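Undergrad: Below: one structure in structure tokens.
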Amino acid sequence: DAGVIQSPRHEVTEMGQEVTLRCKPISGHNSLFWYRQTMMRGLELLIYFNNNVPIDDSGMPEDRFSAKMPNASFSTLKIQPSEPRDSAVYFCASSPVGTLRSSYNEQFFGPGTRLTVL
Amino acid sequence: LAKTTQPISMDSYEGQEVNITCSHNNIATNDYITWYQQFPSQGPRFIIQGYKTKVTNEVASLFIPADRKSSTLSLPRVSLSDTAVYYCLGPRDNQGGKLIFGQGTELSVKP
């Protein structure tokens, strides 16, 4: 298995532009997570899907952020409009079970997308 | 508010055993304790998980006392490639929902 696949690996954009990050989870995993990592705030969970349905989006910072999971093999995280403070590494992770409210906590992380908003 | 506390950084030398302790005072009865490892420019990677007493796998051991208010990750005979940030996850947030990654412990292994 190729693991969790994210694209692009690096994105540089200007303030105000729309940014779309993409994720392909591991086949057969039914939970998908989007995280953001910065030096100041560490690793933060943004949103969590189970069986393609958003379960917890309380970590999404603002209405500028949206996430979709149209099918079991694809998810997007969109920022519109982007701002310099959105600069971070965005990770997608998948898990074979719903982990947020269960005791099994193994999540498989992708390589991340490093976003820079100028 | 649910919280884990770990040392911010640790130094070690190749071949030594490294023990990283995490405190999680308000862990819930049904919460497991999980440790992740993150190398620079990579996503975190699951290392080990336990509920109480001791768990061992090919990478590490995890010691959890009876009161479960802390846990210790033990890395036997570390090498340079064990240089990474190690995260302890335990208590959920105060809404009973998502698990929280703390600030992690930055382990530096020197030759």
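Following the order of the structure tokens, chains are lettered A, B, ..., residues in each are numbered from 1, and ligands are numbered from 1.
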From a DSSP calculation on the backbone, collect every residue of chain B in strand (DSSP E or B) and output the set as a PyMOL selection string.
TA: chain B and resi 5+9-13+18-23+33-38+45-50+53-56+61-64+70-75+84-89+92+99+105-110
Undergrad: I'd like a table as JSON lines: residues in chain A with an atom no more than 12 Å from chain B, each row giving the shortest atom pair and its distance in Å to one decimal, only C-alpha atoms counted, sorted by chain and rising residue number.
TA:
{"residue": "A:Gly3", "atom": "CA", "partner": "B:Gly43", "partner_atom": "CA", "distance": 11.5}
{"residue": "A:Val4", "atom": "CA", "partner": "B:Gly43", "partner_atom": "CA", "distance": 10.2}
{"residue": "A:Ile5", "atom": "CA", "partner": "B:Gly43", "partner_atom": "CA", "distance": 11.4}
{"residue": "A:Gln6", "atom": "CA", "partner": "B:Gly43", "partner_atom": "CA", "distance": 11.1}
{"residue": "A:Arg9", "atom": "CA", "partner": "B:Ser41", "partner_atom": "CA", "distance": 10.5}
{"residue": "A:His10", "atom": "CA", "partner": "B:Ser41", "partner_atom": "CA", "distance": 11.4}
{"residue": "A:Phe33", "atom": "CA", "partner": "B:Lys98", "partner_atom": "CA", "distance": 10.7}
{"residue": "A:Trp34", "atom": "CA", "partner": "B:Gly43", "partner_atom": "CA", "distance": 11.7}
{"residue": "A:Tyr35", "atom": "CA", "partner": "B:Gly43", "partner_atom": "CA", "distance": 10.0}
{"residue": "A:Arg36", "atom": "CA", "partner": "B:Gly43", "partner_atom": "CA", "distance": 10.7}
{"residue": "A:Gln37", "atom": "CA", "partner": "B:Gly43", "partner_atom": "CA", "distance": 9.8}
{"residue": "A:Thr38", "atom": "CA", "partner": "B:Gln103", "partner_atom": "CA", "distance": 10.8}
{"residue": "A:Met39", "atom": "CA", "partner": "B:Gln103", "partner_atom": "CA", "distance": 9.4}
{"residue": "A:Met40", "atom": "CA", "partner": "B:Gln103", "partner_atom": "CA", "distance": 9.6}
{"residue": "A:Arg41", "atom": "CA", "partner": "B:Gln103", "partner_atom": "CA", "distance": 8.3}
{"residue": "A:Gly42", "atom": "CA", "partner": "B:Gln103", "partner_atom": "CA", "distance": 6.1}
{"residue": "A:Leu43", "atom": "CA", "partner": "B:Phe101", "partner_atom": "CA", "distance": 6.1}
{"residue": "A:Glu44", "atom": "CA", "partner": "B:Phe101", "partner_atom": "CA", "distance": 7.2}
{"residue": "A:Leu45", "atom": "CA", "partner": "B:Lys98", "partner_atom": "CA", "distance": 7.8}
{"residue": "A:Leu46", "atom": "CA", "partner": "B:Lys98", "partner_atom": "CA", "distance": 10.0}
{"residue": "A:Ile47", "atom": "CA", "partner": "B:Lys98", "partner_atom": "CA", "distance": 9.6}
{"residue": "A:Tyr48", "atom": "CA", "partner": "B:Lys98", "partner_atom": "CA", "distance": 9.0}
{"residue": "A:Ile55", "atom": "CA", "partner": "B:Gly97", "partner_atom": "CA", "distance": 10.2}
{"residue": "A:Asp56", "atom": "CA", "partner": "B:Lys98", "partner_atom": "CA", "distance": 8.2}
{"residue": "A:Asp57", "atom": "CA", "partner": "B:Lys98", "partner_atom": "CA", "distance": 10.2}
{"residue": "A:Ser58", "atom": "CA", "partner": "B:Lys98", "partner_atom": "CA", "distance": 9.4}
{"residue": "A:Gly59", "atom": "CA", "partner": "B:Lys98", "partner_atom": "CA", "distance": 9.4}
{"residue": "A:Ala88", "atom": "CA", "partner": "B:Ser41", "partner_atom": "CA", "distance": 11.9}
{"residue": "A:Val89", "atom": "CA", "partner": "B:Ser41", "partner_atom": "CA", "distance": 9.0}
{"residue": "A:Tyr90", "atom": "CA", "partner": "B:Gly43", "partner_atom": "CA", "distance": 9.4}
{"residue": "A:Phe91", "atom": "CA", "partner": "B:Gly43", "partner_atom": "CA", "distance": 6.8}
{"residue": "A:Cys92", "atom": "CA", "partner": "B:Gly43", "partner_atom": "CA", "distance": 8.7}
{"residue": "A:Ala93", "atom": "CA", "partner": "B:Gly43", "partner_atom": "CA", "distance": 8.7}
{"residue": "A:Ser94", "atom": "CA", "partner": "B:Arg45", "partner_atom": "CA", "distance": 11.7}
{"residue": "A:Ser95", "atom": "CA", "partner": "B:Phe46", "partner_atom": "CA", "distance": 11.2}
{"residue": "A:Gly98", "atom": "CA", "partner": "B:Lys98", "partner_atom": "CA", "distance": 10.9}
{"residue": "A:Thr99", "atom": "CA", "partner": "B:Lys98", "partner_atom": "CA", "distance": 8.5}
{"residue": "A:Leu100", "atom": "CA", "partner": "B:Lys98", "partner_atom": "CA", "distance": 5.1}
{"residue": "A:Arg101", "atom": "CA", "partner": "B:Gly97", "partner_atom": "CA", "distance": 6.1}
{"residue": "A:Ser102", "atom": "CA", "partner": "B:Asp31", "partner_atom": "CA", "distance": 7.9}
{"residue": "A:Ser103", "atom": "CA", "partner": "B:Tyr32", "partner_atom": "CA", "distance": 5.5}
{"residue": "A:Tyr104", "atom": "CA", "partner": "B:Tyr32", "partner_atom": "CA", "distance": 7.3}
{"residue": "A:Asn105", "atom": "CA", "partner": "B:Thr34", "partner_atom": "CA", "distance": 6.7}
{"residue": "A:Glu106", "atom": "CA", "partner": "B:Phe46", "partner_atom": "CA", "distance": 5.9}
{"residue": "A:Gln107", "atom": "CA", "partner": "B:Phe46", "partner_atom": "CA", "distance": 6.8}
{"residue": "A:Phe108", "atom": "CA", "partner": "B:Arg45", "partner_atom": "CA", "distance": 6.7}
{"residue": "A:Phe109", "atom": "CA", "partner": "B:Gly43", "partner_atom": "CA", "distance": 5.3}
{"residue": "A:Gly110", "atom": "CA", "partner": "B:Gly43", "partner_atom": "CA", "distance": 5.9}
{"residue": "A:Pro111", "atom": "CA", "partner": "B:Gln42", "partner_atom": "CA", "distance": 5.2}
{"residue": "A:Gly112", "atom": "CA", "partner": "B:Gly43", "partner_atom": "CA", "distance": 6.4}
{"residue": "A:Thr113", "atom": "CA", "partner": "B:Ser41", "partner_atom": "CA", "distance": 9.8}
{"residue": "A:Arg114", "atom": "CA", "partner": "B:Ser41", "partner_atom": "CA", "distance": 9.1}
Undergrad: Counting only C-alpha atoms, which residues of stretch 27-71 of chain B fall within 12 Å of stretch 11-23 of chain B, and what is the closest atom pair for each with its distance in Å at one decimal, ordered by chain and rising number, as a tab-separated table?
TA:
residue	atom	partner	partner_atom	distance
B:Ile27	CA	B:Ser23	CA	9.4
B:Ile33	CA	B:Cys22	CA	9.8
B:Thr34	CA	B:Cys22	CA	10.6
B:Trp35	CA	B:Cys22	CA	9.8
B:Ala60	CA	B:Val18	CA	9.9
B:Ser61	CA	B:Asn19	CA	9.4
B:Leu62	CA	B:Asn19	CA	9.4
B:Phe63	CA	B:Thr21	CA	9.2
B:Ile64	CA	B:Thr21	CA	9.8
B:Pro65	CA	B:Ser23	CA	11.1
B:Asp67	CA	B:Ser23	CA	11.1
B:Arg68	CA	B:Ser23	CA	8.8
B:Lys69	CA	B:Ser23	CA	5.9
B:Ser70	CA	B:Ser23	CA	4.1
B:Ser71	CA	B:Cys22	CA	5.3
Undergrad: Between atom CA of A:Lys78 and atom CA of A:Asn30, what is the spacing in Å?
TA: 21.0 Å
Undergrad: For each of B:Thr72, B:Ser9, B:Thr53, B:Asn25, take the minimum atom-to-atom distance to B:Ala84, counting only C-alpha atoms, then give the residue where this is smallest.
TA: B:Ser9
Undergrad: To one decimal place in Å, what is the distance between atom CA of A:Leu118 and atom CA of A:Glu62?
TA: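 The value is 18.9 Å.
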Undergrad: In Å to one decimal, how far is atom CA of B:Glu58 from atom CA of B:Gln6?
TA: 23.0 Å
Undergrad: Would you kindly return, as a compact mmCIF listing (two decimals) with N, CA, C and O atoms, in the first residue's frame, each protein, DNA or RNA residue with an atom no farther than 8 Å from any atom of A:Gly16, considering only C-alpha atoms and excluding same-chain residues fewer than 4 positions away?
TA:
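Output (part_23.txt):
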# COMPACT_ATOMS: atom_id res chain seq x y z
N GLN A 80 -10.33 29.64 1.37
CA GLN A 80 -10.73 30.70 0.45
C GLN A 80 -11.37 31.85 1.21
O GLN A 80 -12.43 31.65 1.82
N PRO A 81 -10.78 33.04 1.23
CA PRO A 81 -9.46 33.37 0.70
C PRO A 81 -8.35 33.04 1.69
O PRO A 81 -8.57 33.03 2.90
N SER A 82 -7.18 32.77 1.18
CA SER A 82 -6.06 32.43 2.06
C SER A 82 -5.44 33.69 2.66
O SER A 82 -5.52 34.79 2.08
N GLU A 83 -4.84 33.52 3.84
CA GLU A 83 -4.17 34.61 4.54
C GLU A 83 -2.79 34.13 5.00
O GLU A 83 -2.59 32.92 5.18
